[in-house]
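Undergrad: Before anything else, here's the structure in question.
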Amino acid sequence: MMPLTLALVLCCQETAPQPDVKALVARIDGKDPEACFDAVARLADLPASARAEIDAAVAAMPDELAFYKSALAEELKTRDRLGDKYTREARVTIDAKDKQPSEILRDIMEQSKDRVESTWAFQGGGGQQPVTMKLDNVPYLAALRTLCKEAKLRIYSYGGALTLYRGGGDGGPTFQYRNHLVTIDSVQRNRRVTFGAGEKRSLILSGQVLCDMRANVVDLSKVEAIEAVDDKGRKLDVLPDDKPDTLADESAENAANANPHLGLTMTLAPPEKGVEKIARVRAQVVLHVPRTTSRYVVPADKPEKASDEHFEVSVESTTTVHRQIHTIVRVRPKGDLKAFLEMPVQIRMKTKDGTERPCYANGKVAGGAVEYTAQRYQTAEEQMQGRVPELESVVIMVHRETVERRIAIEFRDIPVE
Amino acid sequence: MRLSSLGPLVLILVLGPSGSSQDDDVAKRVRALIAELRSEELQAAEEALDALAKLGSPALPALRAELEKAAGDTRLKIESAIKRITRRAKLDEVMGRPVIVTMSATSVPVEGVLADLQKQSGQPLTFKDLPFKRVTVAVDKQPFWEALDAVCKAHGEIMWRVQRDGVLVEKGPYRARPMVVQGNVALYFDGHTTSKTVPGNDGTFWLEGAVAWTRASRPSAGALAVAKLEDDKATNLLTDEDPGDHWSWEAGQDPDGAVVGSAAEIYAYVLPHDEAEKLAHCSGSLRLSYVLSMKKILAVKDPANSKGTVHTGGTYTVQLQDASAVGRDATATLQVTYPGEGEERMLAGFHFALVDTAGGSHRPRVESQGTSVSHDGKSMHTTETLLLRWKLPEKCAIASLDMLAPDDVEEVTVPFNFPGLPLR
């Protein structure tokens, strides 16, 4: 039965009408960034046979669209590099009339193949007004954002899982692309005076990159702001991040942590008085995705060690406190400890109900090894059911090699007054 | 000029008298003062007691000998003198002997001067990208921090800053920072940041600095109490909700005593006036706590087989969630409950120790795993989950897990007053 099903799916994919490459490229006109990047995503998802046509159409794009051209070129390069691992964009169709938001979310979850978790927003039930929304073949994150807007919810990321929570107003400017949502959560005008060294003024945009479970992102390497223009059409300089150097080595203490750092900061020269908005900010977010990973599964209830030529991994203890499962994991590199500290580590807990969830884990260097204290929080669903699943095993992934995944982002009309 | 031609770089340490003749002199002085203790004039007796206490540790043998012979009120007074001396000695031990530097260098490469300062003071100095320059510097009986600052000032193109477990001297223009030094402790501020959130005009103003102490000094906790923070337009930056008491340091995670510095920041949620040029007032005190003695408040016998047990000591309740030992590595997870709603640093200065069957005591590294507050119908309680980790010196049999509380704590105050700090 399975081969037949597979064959049918493949058959459908082959016979599905292909979007018109020229029409998609024409949508990249620089007017609406979301429409432009939607076209970029759809072009990147086209089969390899369309590549020559894409290249020809892109070559004909005018120079003022160079930002989008390079974004598409980067996406095609990523696709070539990742091959089968390249995640195609999940698109959904929603036709909901006076439906509970939780039902619409379930629909989005099913169509997007569980890229979103059951959510805290509906914990306890009730209090949600029915929602009407109609969307045809849109990226699932666009559908999620529409649902949030209509039901006054916000999107939150916990350890690689997207979930929703209640309230929070409209939120800040948001940019969406494939598995990623990039938000600007705060804008600050900063003035730093260093005694004996004068003052520096800056405008700091802070936010985060929210990735779903299939984005496979282990870290945010950096954000490279490319261009910022105020509402009078004047360019704003991009400045280096200004960090006070007092006790700077404290950051080294966090080097061993196994949590993805997905916070985003862009520092710009402050706009002149009278400027109300930044008309646009363009940047590249550089993410790390795994290339070579050592994966170890260690039973939680046995004093066993997993070992290979690279690492020795052991689970030292586990305990449940406040409905959170805590575990101590030790990873001892057989090579250079310093090199290991550069490698992103992810820790997950597999529970006896068959689920595998990411953990929040802090690491400390101790005697040539790193000890991680990992915590798995209770999900909304578990809390509603009043249960804490039993830990079966701890999954430790050491990403020995990573590659950069560059994503172009663009925000428009960021208020600065 | 070779390094050996450096002028003398001397640590002046307070040394006690030595030799039997000096012992005899001290014993005579002790006996004379004890005679005065018996004076019927209250003031004379009190002055004698103060004088005995000031004799310090060298007087202890004679005082103990006299204690054997004394009775009644005199005995009580000798006991009081002994207690004051031993407490002072303990305080000197935890605060560290003053690191006082005297040095004189004429046209000597700065690396040589710093290396000698490092060698003689025993402080964890590291250097980075120091521009070559010969310096001339003379320091006479100054605290270590002021001597270090004087070397940087003499060079002009290097600057120092404290890090958690060391002091870094690096390339960069010398800046005369607002700094106060008292004994082995230095408090300085590097600058300040005003941050306004848009839209809206909420903002934060904060002074960024650090507290530094010499390696032998072991403060268990620290706080900055700000008395006055006001700009030259009479804007008071402190509010009732934010009276200016800012915690900066807690030693629970430093059983090895390697830490020599901590961030010290003063936050204000009222911003200076837009046209203010400087802070007219920035004053208060740094309060450092030094633990002189500990007392055991509870012990969990045979912790490996006591999971889930609950123990009470004083106002603290401890539940042992988990305990295990593999080879030299031991871990335990505790829930410590105490009265109050998230009282600031209720566990500051607390120690935990694994006591082995041979009587050895082993301090863990302590990590907080989270805090929750509950109400039992009568009062608020705070529960803190702590993860303790030990690296034992060798495999040993564990007798108990002890919780120790500070029994005698000395608070040392370092006042600061930095009027006229520039706001631009």
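By order of appearance in the structure tokens: chains A, B, ..., then residues from 1 within every chain, and ligands from 1 in the order shown.
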Enumerate the residues of range 199-348 of chain A with a DSSP assignment of alpha helix (DSSP H), computed from the backbone, and present them as a compact mmCIF listing (two decimals) with N, CA and C atoms, in the first residue's frame.
TA:
```
# COMPACT_ATOMS: atom_id res chain seq x y z
N GLU A 250 32.46 37.56 31.24
CA GLU A 250 31.31 36.77 31.69
C GLU A 250 30.65 36.06 30.53
N SER A 251 30.77 36.64 29.32
CA SER A 251 30.16 35.98 28.18
C SER A 251 30.83 34.63 27.93
N ALA A 252 32.12 34.53 28.29
CA ALA A 252 32.83 33.27 28.09
C ALA A 252 32.22 32.18 28.97
N GLU A 253 31.62 32.59 30.08
CA GLU A 253 30.99 31.61 30.96
C GLU A 253 29.83 30.91 30.27
N LEU A 337 39.21 20.18 24.03
CA LEU A 337 38.04 20.74 24.73
C LEU A 337 37.64 22.08 24.12
N LYS A 338 38.65 22.90 23.78
CA LYS A 338 38.34 24.23 23.23
C LYS A 338 37.55 24.11 21.93
N ALA A 339 37.97 23.14 21.11
CA ALA A 339 37.27 22.95 19.83
C ALA A 339 35.84 22.51 20.10
N PHE A 340 35.65 21.66 21.11
CA PHE A 340 34.30 21.20 21.45
C PHE A 340 33.43 22.37 21.90
N LEU A 341 34.01 23.31 22.66
CA LEU A 341 33.22 24.44 23.15
C LEU A 341 32.71 25.33 22.02
```
Undergrad: Hey, list the chain B side of the contact with chain A: 9 Å cut-off, only C-alpha atoms, answer as a ChimeraX atom specification.
TA: /B:161-164,173-178,189-201,203,208-210,261-263,321-326,330-333,335,385,387,391,421-424
Undergrad: Write down as JSON, numbers by chain the residues of range 145-393 of chain A whose backbone DSSP state falls under strand (DSSP E).
TA: {"A": [153, 154, 155, 156, 157, 158, 161, 162, 163, 164, 165, 166, 174, 175, 176, 177, 180, 181, 182, 183, 184, 185, 186, 187, 188, 189, 190, 191, 192, 193, 194, 198, 199, 200, 201, 202, 203, 204, 205, 206, 207, 208, 209, 210, 211, 219, 220, 221, 222, 223, 224, 225, 226, 227, 228, 229, 230, 238, 239, 263, 264, 265, 266, 267, 268, 277, 278, 279, 280, 281, 282, 283, 284, 285, 286, 287, 288, 289, 290, 291, 292, 293, 294, 295, 296, 297, 298, 299, 305, 306, 307, 311, 312, 313, 314, 315, 316, 317, 318, 319, 320, 321, 324, 325, 326, 327, 328, 329, 330, 331, 332, 333, 345, 346, 347, 348, 349, 350, 351, 356, 357, 358, 360, 361, 362, 363, 364, 365, 366, 369, 370, 371, 372, 373, 374, 375, 376, 391, 392, 393]}
Undergrad: Excluding same-chain residues fewer than 3 positions from range 396-402 of chain A, what lies within 10 Å of it counting only C-alpha atoms, as an MDAnalysis selection string?
TA: chainID A and resid 217:219 258 287:298 306 310:311 313:315 329:331 339:340 342:349 393 405
Undergrad: Between CA of Gly96 in chain B and CA of Val185 in chain B, what distance in Å does the model show, to one decimal?
TA: 10.2 Å
Undergrad: Closest to Cys282 in chain B among B:Ala71, B:Ala405, B:Ala89, B:Ala227, using only C-alpha atoms?
TA: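 Comparing B:Ala71, B:Ala405, B:Ala89, B:Ala227 against Cys282 in chain B, the winner is B:Ala227.
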Undergrad: Fewer than 6 positions away in the same chain doesn't count, so skip those; otherwise give me all residues within 10 Å of range 220-237 of chain A, counting only C-alpha atoms, as a tab-separated table (two decimals) with all heavy atoms, in the first residue's frame.
TA:
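As a result, selection06.tsv now contains:
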```
chain	number	residue	atom	x	y	z
A	67	PHE	N	19.07	43.57	-3.93
A	67	PHE	CA	18.90	42.93	-2.62
A	67	PHE	C	18.10	41.63	-2.75
A	67	PHE	O	18.46	40.59	-2.19
A	67	PHE	CB	18.19	43.92	-1.67
A	67	PHE	CG	17.84	43.36	-0.33
A	67	PHE	CD1	18.84	42.99	0.57
A	67	PHE	CD2	16.52	43.20	0.05
A	67	PHE	CE1	18.51	42.48	1.82
A	67	PHE	CE2	16.19	42.69	1.30
A	67	PHE	CZ	17.19	42.33	2.19
A	202	SER	N	23.16	56.06	19.55
A	202	SER	CA	22.79	55.02	18.59
A	202	SER	C	21.31	54.70	18.71
A	202	SER	O	20.65	55.06	19.70
A	202	SER	CB	23.61	53.75	18.84
A	202	SER	OG	23.42	53.29	20.16
A	203	LEU	N	20.82	54.05	17.68
A	203	LEU	CA	19.46	53.54	17.69
A	203	LEU	C	19.59	52.02	17.64
A	203	LEU	O	20.23	51.49	16.72
A	203	LEU	CB	18.70	54.05	16.46
A	203	LEU	CG	17.23	53.67	16.42
A	203	LEU	CD1	16.42	54.62	17.31
A	203	LEU	CD2	16.69	53.75	15.00
A	208	GLN	N	14.14	39.01	17.82
A	208	GLN	CA	14.57	37.62	17.84
A	208	GLN	C	14.16	36.91	16.56
A	208	GLN	O	13.29	37.38	15.84
A	208	GLN	CB	14.01	36.90	19.05
A	208	GLN	CG	12.51	37.01	19.20
A	208	GLN	CD	12.04	36.40	20.49
A	208	GLN	OE1	12.59	35.39	20.93
A	208	GLN	NE2	11.04	36.98	21.10
A	209	VAL	N	14.82	35.81	16.34
A	209	VAL	CA	14.48	34.96	15.21
A	209	VAL	C	13.74	33.76	15.78
A	209	VAL	O	14.26	33.06	16.65
A	209	VAL	CB	15.74	34.49	14.47
A	209	VAL	CG1	15.37	33.61	13.28
A	209	VAL	CG2	16.55	35.68	13.99
A	260	PRO	N	20.18	27.66	21.88
A	260	PRO	CA	20.41	28.48	20.70
A	260	PRO	C	20.26	29.96	21.06
A	260	PRO	O	19.33	30.34	21.75
A	260	PRO	CB	19.31	28.03	19.74
A	260	PRO	CG	18.27	27.38	20.58
A	260	PRO	CD	18.96	26.86	21.81
A	261	HIS	N	21.22	30.76	20.63
A	261	HIS	CA	21.12	32.20	20.87
A	261	HIS	C	20.47	32.80	19.63
A	261	HIS	O	21.10	32.90	18.59
A	261	HIS	CB	22.51	32.80	21.08
A	261	HIS	CG	23.24	32.16	22.22
A	261	HIS	ND1	22.88	32.36	23.52
A	261	HIS	CD2	24.28	31.30	22.25
A	261	HIS	CE1	23.68	31.65	24.30
A	261	HIS	NE2	24.53	31.00	23.56
A	262	LEU	N	19.23	33.17	19.75
A	262	LEU	CA	18.50	33.65	18.59
A	262	LEU	C	18.07	35.10	18.76
A	262	LEU	O	17.18	35.58	18.07
A	262	LEU	CB	17.30	32.74	18.30
A	262	LEU	CG	17.70	31.31	17.90
A	262	LEU	CD1	16.49	30.39	17.83
A	262	LEU	CD2	18.42	31.29	16.56
A	263	GLY	N	18.71	35.79	19.69
A	263	GLY	CA	18.45	37.21	19.87
A	263	GLY	C	19.12	38.00	18.76
A	263	GLY	O	20.17	37.61	18.26
A	264	LEU	N	18.50	39.08	18.37
A	264	LEU	CA	18.96	39.84	17.20
A	264	LEU	C	19.10	41.31	17.61
A	264	LEU	O	18.25	41.85	18.29
A	264	LEU	CB	17.91	39.64	16.13
A	264	LEU	CG	17.77	40.51	14.91
A	264	LEU	CD1	17.14	39.68	13.80
A	264	LEU	CD2	16.90	41.71	15.17
A	265	THR	N	20.21	41.91	17.22
A	265	THR	CA	20.41	43.33	17.51
A	265	THR	C	21.00	44.00	16.27
A	265	THR	O	21.91	43.46	15.65
A	265	THR	CB	21.41	43.52	18.67
A	265	THR	OG1	20.92	42.80	19.80
A	265	THR	CG2	21.54	44.97	19.06
A	266	MET	N	20.45	45.14	15.94
A	266	MET	CA	21.03	45.96	14.87
A	266	MET	C	21.23	47.36	15.43
A	266	MET	O	20.30	47.92	16.04
A	266	MET	CB	20.11	45.99	13.65
A	266	MET	CG	20.07	44.69	12.89
A	266	MET	SD	19.04	44.78	11.40
A	266	MET	CE	17.40	44.58	12.07
A	267	THR	N	22.42	47.89	15.27
A	267	THR	CA	22.72	49.21	15.81
A	267	THR	C	22.93	50.18	14.65
A	267	THR	O	23.74	49.94	13.75
A	267	THR	CB	23.99	49.15	16.68
A	267	THR	OG1	23.80	48.13	17.67
A	267	THR	CG2	24.25	50.47	17.38
A	268	LEU	N	22.16	51.25	14.69
A	268	LEU	CA	22.20	52.24	13.61
A	268	LEU	C	22.54	53.61	14.18
A	268	LEU	O	22.32	53.87	15.37
A	268	LEU	CB	20.83	52.34	12.92
A	268	LEU	CG	20.22	51.04	12.39
A	268	LEU	CD1	18.80	51.31	11.89
A	268	LEU	CD2	21.08	50.46	11.28
A	269	ALA	N	23.03	54.48	13.30
A	269	ALA	CA	23.21	55.88	13.71
A	269	ALA	C	21.82	56.45	14.00
A	269	ALA	O	20.86	56.14	13.29
A	269	ALA	CB	23.88	56.65	12.59
A	270	PRO	N	21.69	57.27	15.04
A	270	PRO	CA	20.34	57.76	15.39
A	270	PRO	C	19.82	58.71	14.31
A	270	PRO	O	20.59	59.52	13.78
A	270	PRO	CB	20.56	58.50	16.71
A	270	PRO	CG	22.01	58.83	16.72
A	270	PRO	CD	22.72	57.79	15.94
A	271	PRO	N	18.55	58.59	13.96
A	271	PRO	CA	18.00	59.51	12.97
A	271	PRO	C	17.90	60.93	13.53
A	271	PRO	O	17.87	61.11	14.75
A	271	PRO	CB	16.61	58.94	12.68
A	271	PRO	CG	16.30	58.02	13.80
A	271	PRO	CD	17.57	57.61	14.44
A	272	GLU	N	17.86	61.89	12.64
A	272	GLU	CA	17.77	63.29	13.09
A	272	GLU	C	16.40	63.57	13.69
A	272	GLU	O	15.45	62.81	13.47
A	272	GLU	CB	18.01	64.21	11.89
A	272	GLU	CG	19.46	64.20	11.45
A	272	GLU	CD	19.67	65.07	10.22
A	272	GLU	OE1	18.79	65.88	9.89
A	272	GLU	OE2	20.73	64.91	9.59
A	274	GLY	N	12.76	64.91	14.18
A	274	GLY	CA	11.71	65.08	13.20
A	274	GLY	C	11.44	63.82	12.40
A	274	GLY	O	10.39	63.68	11.78
A	275	VAL	N	12.40	62.89	12.44
A	275	VAL	CA	12.19	61.63	11.73
A	275	VAL	C	11.27	60.74	12.58
A	275	VAL	O	11.53	60.53	13.76
A	275	VAL	CB	13.54	60.90	11.49
A	275	VAL	CG1	13.31	59.48	10.99
A	275	VAL	CG2	14.38	61.69	10.49
A	276	GLU	N	10.18	60.30	11.99
A	276	GLU	CA	9.21	59.52	12.76
A	276	GLU	C	9.38	58.02	12.54
A	276	GLU	O	9.04	57.23	13.41
A	276	GLU	CB	7.79	59.94	12.39
A	276	GLU	CG	7.48	61.34	12.86
A	276	GLU	CD	6.07	61.76	12.54
A	276	GLU	OE1	5.36	61.00	11.88
A	276	GLU	OE2	5.71	62.88	12.96
A	277	LYS	N	9.87	57.68	11.38
A	277	LYS	CA	9.97	56.24	11.08
A	277	LYS	C	11.26	55.94	10.33
A	277	LYS	O	11.78	56.80	9.61
A	277	LYS	CB	8.81	55.80	10.18
A	277	LYS	CG	7.49	55.73	10.89
A	277	LYS	CD	6.41	55.28	9.93
A	277	LYS	CE	5.09	55.13	10.69
A	277	LYS	NZ	4.00	54.75	9.80
A	278	ILE	N	11.71	54.72	10.49
A	278	ILE	CA	12.73	54.22	9.57
A	278	ILE	C	11.97	53.58	8.42
A	278	ILE	O	11.17	52.67	8.63
A	278	ILE	CB	13.64	53.19	10.25
A	278	ILE	CG1	14.39	53.85	11.40
A	278	ILE	CG2	14.62	52.59	9.26
A	278	ILE	CD1	15.31	52.94	12.12
A	279	ALA	N	12.17	54.12	7.24
A	279	ALA	CA	11.38	53.65	6.09
A	279	ALA	C	11.68	52.18	5.78
A	279	ALA	O	10.77	51.40	5.53
A	279	ALA	CB	11.67	54.52	4.88
A	280	ARG	N	12.96	51.83	5.81
A	280	ARG	CA	13.27	50.41	5.60
A	280	ARG	C	14.64	50.07	6.19
A	280	ARG	O	15.54	50.90	6.26
A	280	ARG	CB	13.23	50.03	4.12
A	280	ARG	CG	14.30	50.63	3.27
A	280	ARG	CD	14.32	50.00	1.88
A	280	ARG	NE	15.39	50.56	1.09
A	280	ARG	CZ	15.26	51.62	0.30
A	280	ARG	NH1	14.09	52.22	0.18
A	280	ARG	NH2	16.30	52.09	-0.37
A	281	VAL	N	14.72	48.83	6.65
A	281	VAL	CA	15.99	48.25	7.11
A	281	VAL	C	16.14	46.93	6.40
A	281	VAL	O	15.23	46.09	6.42
A	281	VAL	CB	16.00	48.00	8.63
A	281	VAL	CG1	17.30	47.32	9.04
A	281	VAL	CG2	15.84	49.27	9.40
A	282	ARG	N	17.28	46.76	5.75
A	282	ARG	CA	17.56	45.48	5.10
A	282	ARG	C	18.79	44.87	5.76
A	282	ARG	O	19.76	45.57	6.06
A	282	ARG	CB	17.82	45.68	3.62
A	282	ARG	CG	16.55	46.03	2.85
A	282	ARG	CD	16.85	46.43	1.44
A	282	ARG	NE	15.61	46.54	0.66
A	282	ARG	CZ	15.55	47.06	-0.56
A	282	ARG	NH1	16.65	47.52	-1.13
A	282	ARG	NH2	14.41	47.10	-1.20
A	283	ALA	N	18.74	43.58	5.97
A	283	ALA	CA	19.85	42.91	6.66
A	283	ALA	C	19.91	41.45	6.24
A	283	ALA	O	19.00	40.94	5.58
A	283	ALA	CB	19.66	43.00	8.16
A	284	GLN	N	21.00	40.84	6.62
A	284	GLN	CA	21.11	39.39	6.45
A	284	GLN	C	21.29	38.76	7.83
A	284	GLN	O	22.16	39.20	8.60
A	284	GLN	CB	22.30	39.02	5.58
A	284	GLN	CG	21.98	39.11	4.10
A	284	GLN	CD	22.90	38.25	3.26
A	284	GLN	OE1	24.02	37.96	3.66
A	284	GLN	NE2	22.44	37.84	2.10
A	285	VAL	N	20.47	37.78	8.12
A	285	VAL	CA	20.63	37.01	9.36
A	285	VAL	C	21.45	35.78	9.00
A	285	VAL	O	21.10	35.05	8.07
A	285	VAL	CB	19.26	36.58	9.93
A	285	VAL	CG1	19.45	35.71	11.15
A	285	VAL	CG2	18.43	37.80	10.27
A	286	VAL	N	22.55	35.60	9.72
A	286	VAL	CA	23.40	34.43	9.44
A	286	VAL	C	23.15	33.39	10.53
A	286	VAL	O	23.46	33.62	11.70
A	286	VAL	CB	24.89	34.83	9.40
A	286	VAL	CG1	25.74	33.63	9.00
A	286	VAL	CG2	25.10	35.99	8.43
A	287	LEU	N	22.54	32.29	10.12
A	287	LEU	CA	22.21	31.22	11.08
A	287	LEU	C	23.17	30.05	10.87
A	287	LEU	O	23.73	29.89	9.78
A	287	LEU	CB	20.78	30.74	10.84
A	287	LEU	CG	19.70	31.83	10.97
A	287	LEU	CD1	18.41	31.35	10.31
A	287	LEU	CD2	19.45	32.17	12.42
A	288	HIS	N	23.35	29.27	11.90
A	288	HIS	CA	24.13	28.03	11.75
A	288	HIS	C	23.17	26.84	11.65
A	288	HIS	O	22.29	26.69	12.50
A	288	HIS	CB	25.04	27.82	12.97
A	288	HIS	CG	26.26	28.70	12.93
A	288	HIS	ND1	26.79	29.27	14.06
A	288	HIS	CD2	27.04	29.08	11.90
A	288	HIS	CE1	27.85	29.98	13.71
A	288	HIS	NE2	28.03	29.88	12.42
A	289	VAL	N	23.37	26.03	10.65
A	289	VAL	CA	22.61	24.78	10.57
A	289	VAL	C	23.62	23.62	10.58
A	289	VAL	O	24.76	23.79	10.15
A	289	VAL	CB	21.71	24.70	9.30
A	289	VAL	CG1	20.65	25.77	9.35
A	289	VAL	CG2	22.54	24.85	8.04
A	404	GLU	N	26.74	27.94	7.34
A	404	GLU	CA	25.94	29.16	7.48
A	404	GLU	C	24.71	29.10	6.58
A	404	GLU	O	24.79	28.65	5.43
A	404	GLU	CB	26.78	30.39	7.12
A	404	GLU	CG	27.79	30.74	8.18
A	404	GLU	CD	28.52	32.03	7.88
A	404	GLU	OE1	28.37	32.57	6.76
A	404	GLU	OE2	29.25	32.48	8.76
A	405	ARG	N	23.62	29.55	7.11
A	405	ARG	CA	22.39	29.70	6.33
A	405	ARG	C	22.05	31.17	6.41
A	405	ARG	O	21.75	31.70	7.50
A	405	ARG	CB	21.30	28.84	6.98
A	405	ARG	CG	19.89	29.09	6.48
A	405	ARG	CD	19.58	28.14	5.34
A	405	ARG	NE	18.15	28.00	5.10
A	405	ARG	CZ	17.49	28.75	4.22
A	405	ARG	NH1	18.11	29.69	3.54
A	405	ARG	NH2	16.20	28.54	4.00
A	406	ARG	N	22.14	31.84	5.27
A	406	ARG	CA	21.88	33.29	5.26
A	406	ARG	C	20.46	33.57	4.83
A	406	ARG	O	20.00	33.01	3.83
A	406	ARG	CB	22.85	33.98	4.29
A	406	ARG	CG	24.25	34.07	4.85
A	406	ARG	CD	25.21	34.66	3.86
A	406	ARG	NE	26.48	34.86	4.53
A	406	ARG	CZ	26.84	36.00	5.08
A	406	ARG	NH1	26.05	37.05	5.01
A	406	ARG	NH2	28.00	36.11	5.70
A	407	ILE	N	19.80	34.39	5.60
A	407	ILE	CA	18.43	34.75	5.26
A	407	ILE	C	18.34	36.27	5.17
A	407	ILE	O	18.74	36.97	6.10
A	407	ILE	CB	17.44	34.23	6.32
A	407	ILE	CG1	17.43	32.72	6.28
A	407	ILE	CG2	16.05	34.77	6.08
A	407	ILE	CD1	16.66	32.13	7.40
A	408	ALA	N	17.87	36.75	4.05
A	408	ALA	CA	17.69	38.20	3.90
A	408	ALA	C	16.41	38.60	4.62
A	408	ALA	O	15.40	37.88	4.56
A	408	ALA	CB	17.60	38.55	2.42
A	409	ILE	N	16.45	39.72	5.34
A	409	ILE	CA	15.25	40.20	6.02
A	409	ILE	C	15.05	41.68	5.67
A	409	ILE	O	16.00	42.38	5.34
A	409	ILE	CB	15.33	40.04	7.56
A	409	ILE	CG1	16.52	40.82	8.15
A	409	ILE	CG2	15.41	38.57	7.94
A	409	ILE	CD1	16.55	40.84	9.67
A	410	GLU	N	13.81	42.08	5.74
A	410	GLU	CA	13.52	43.49	5.45
A	410	GLU	C	12.34	43.96	6.30
A	410	GLU	O	11.31	43.29	6.36
A	410	GLU	CB	13.20	43.67	3.97
A	410	GLU	CG	12.87	45.12	3.62
A	410	GLU	CD	12.77	45.36	2.13
A	410	GLU	OE1	12.91	44.40	1.35
A	410	GLU	OE2	12.55	46.52	1.73
A	411	PHE	N	12.52	45.07	6.96
A	411	PHE	CA	11.43	45.67	7.73
A	411	PHE	C	11.10	47.03	7.12
A	411	PHE	O	11.99	47.73	6.66
A	411	PHE	CB	11.84	45.86	9.19
A	411	PHE	CG	12.01	44.56	9.93
A	411	PHE	CD1	13.25	43.96	10.03
A	411	PHE	CD2	10.93	43.95	10.53
A	411	PHE	CE1	13.42	42.77	10.70
A	411	PHE	CE2	11.08	42.76	11.21
A	411	PHE	CZ	12.33	42.16	11.30
A	412	ARG	N	9.85	47.37	7.17
A	412	ARG	CA	9.43	48.69	6.68
A	412	ARG	C	8.73	49.45	7.81
A	412	ARG	O	8.07	48.85	8.68
A	412	ARG	CB	8.42	48.52	5.53
A	412	ARG	CG	9.00	47.86	4.28
A	412	ARG	CD	9.61	48.89	3.34
A	412	ARG	NE	10.27	48.24	2.21
A	412	ARG	CZ	9.75	48.18	0.99
A	412	ARG	NH1	8.57	48.69	0.75
A	412	ARG	NH2	10.43	47.60	0.01
A	413	ASP	N	8.86	50.74	7.78
A	413	ASP	CA	8.10	51.66	8.64
A	413	ASP	C	8.21	51.32	10.12
A	413	ASP	O	7.22	51.05	10.80
A	413	ASP	CB	6.62	51.69	8.22
A	413	ASP	CG	6.47	52.23	6.81
A	413	ASP	OD1	7.32	53.03	6.39
A	413	ASP	OD2	5.51	51.83	6.13
A	414	ILE	N	9.43	51.36	10.61
A	414	ILE	CA	9.64	51.12	12.05
A	414	ILE	C	9.56	52.47	12.77
A	414	ILE	O	10.36	53.38	12.49
A	414	ILE	CB	11.02	50.49	12.29
A	414	ILE	CG1	11.14	49.17	11.53
A	414	ILE	CG2	11.26	50.26	13.78
A	414	ILE	CD1	12.54	48.58	11.54
A	415	PRO	N	8.59	52.63	13.68
A	415	PRO	CA	8.47	53.92	14.36
A	415	PRO	C	9.67	54.19	15.27
A	415	PRO	O	10.12	53.29	15.98
A	415	PRO	CB	7.19	53.79	15.19
A	415	PRO	CG	6.71	52.40	15.04
A	415	PRO	CD	7.59	51.65	14.11
A	416	VAL	N	10.18	55.43	15.22
A	416	VAL	CA	11.32	55.77	16.07
A	416	VAL	C	11.04	57.02	16.91
A	416	VAL	O	11.93	57.58	17.52
A	416	VAL	CB	12.62	55.98	15.24
A	416	VAL	CG1	13.09	54.68	14.65
A	416	VAL	CG2	12.43	57.02	14.15
```
Undergrad: Under the rule that only C-alpha atoms are counted, which of B:Ala280, B:Ala53, B:Ala258, B:Leu130 is the nearest residue to Gly156 in chain B?
TA: B:Leu130
Undergrad: Excluding Pro339 in chain B and its own-chain neighbours fewer than 4 positions away, which residues fall within 7 Å of it when counting only C-alpha atoms? Please give them as a PDB file with N, CA, C and O atoms, in the first residue's frame.
TA:
```
ATOM      1  N   THR B 315      14.820  28.397  60.530  1.00  0.00           N
ATOM      2  CA  THR B 315      13.592  28.677  59.779  1.00  0.00           C
ATOM      3  C   THR B 315      13.650  28.046  58.385  1.00  0.00           C
ATOM      4  O   THR B 315      12.847  28.366  57.526  1.00  0.00           O
ATOM      5  N   MET B 380       3.946  34.030  53.628  1.00  0.00           N
ATOM      6  CA  MET B 380       4.595  33.696  52.363  1.00  0.00           C
ATOM      7  C   MET B 380       5.848  32.864  52.623  1.00  0.00           C
ATOM      8  O   MET B 380       6.540  33.045  53.627  1.00  0.00           O
ATOM      9  N   HIS B 381       6.110  31.967  51.705  1.00  0.00           N
ATOM     10  CA  HIS B 381       7.337  31.170  51.772  1.00  0.00           C
ATOM     11  C   HIS B 381       7.994  31.161  50.396  1.00  0.00           C
ATOM     12  O   HIS B 381       7.319  31.179  49.378  1.00  0.00           O
ATOM     13  N   THR B 382       9.289  31.104  50.408  1.00  0.00           N
ATOM     14  CA  THR B 382      10.036  31.014  49.157  1.00  0.00           C
ATOM     15  C   THR B 382      10.718  29.653  49.097  1.00  0.00           C
ATOM     16  O   THR B 382      11.291  29.206  50.102  1.00  0.00           O
TER      17      THR B 382
END
```
Undergrad: In Å, rounded to a single decimal, give me how far CA of Ala143 in chain A is from CA of Tyr177 in chain A.
TA: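 Spanning CA of Tyr177 in chain A to CA of Ala143 in chain A is a straight-line distance of 12.5 Å.
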Undergrad: Between A:Ile104, A:Ala26, A:Ala369, A:Ala374, which is the closest to Lys69 in chain A once you count only C-alpha atoms?
TA: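 Under the stated criterion, the closest residue is A:Ala26.
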Undergrad: Write out as a list in words each polymer residue whose atoms come within 12 Å of Ala51 in chain B, counting only C-alpha atoms; drop sequence neighbours fewer than 3 positions from it.
TA: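 The contact residues come out as Val26, Arg29, Val30, Arg31, Ala32, Leu33, Ile34, Glu36, Leu37, Ala44, Ala45, Glu46, Glu47, Ala48, Lys54, Leu55, Gly56, Ala59, Ile78, Ala81, Ile82, Arg84 and Ile85 of chain B.
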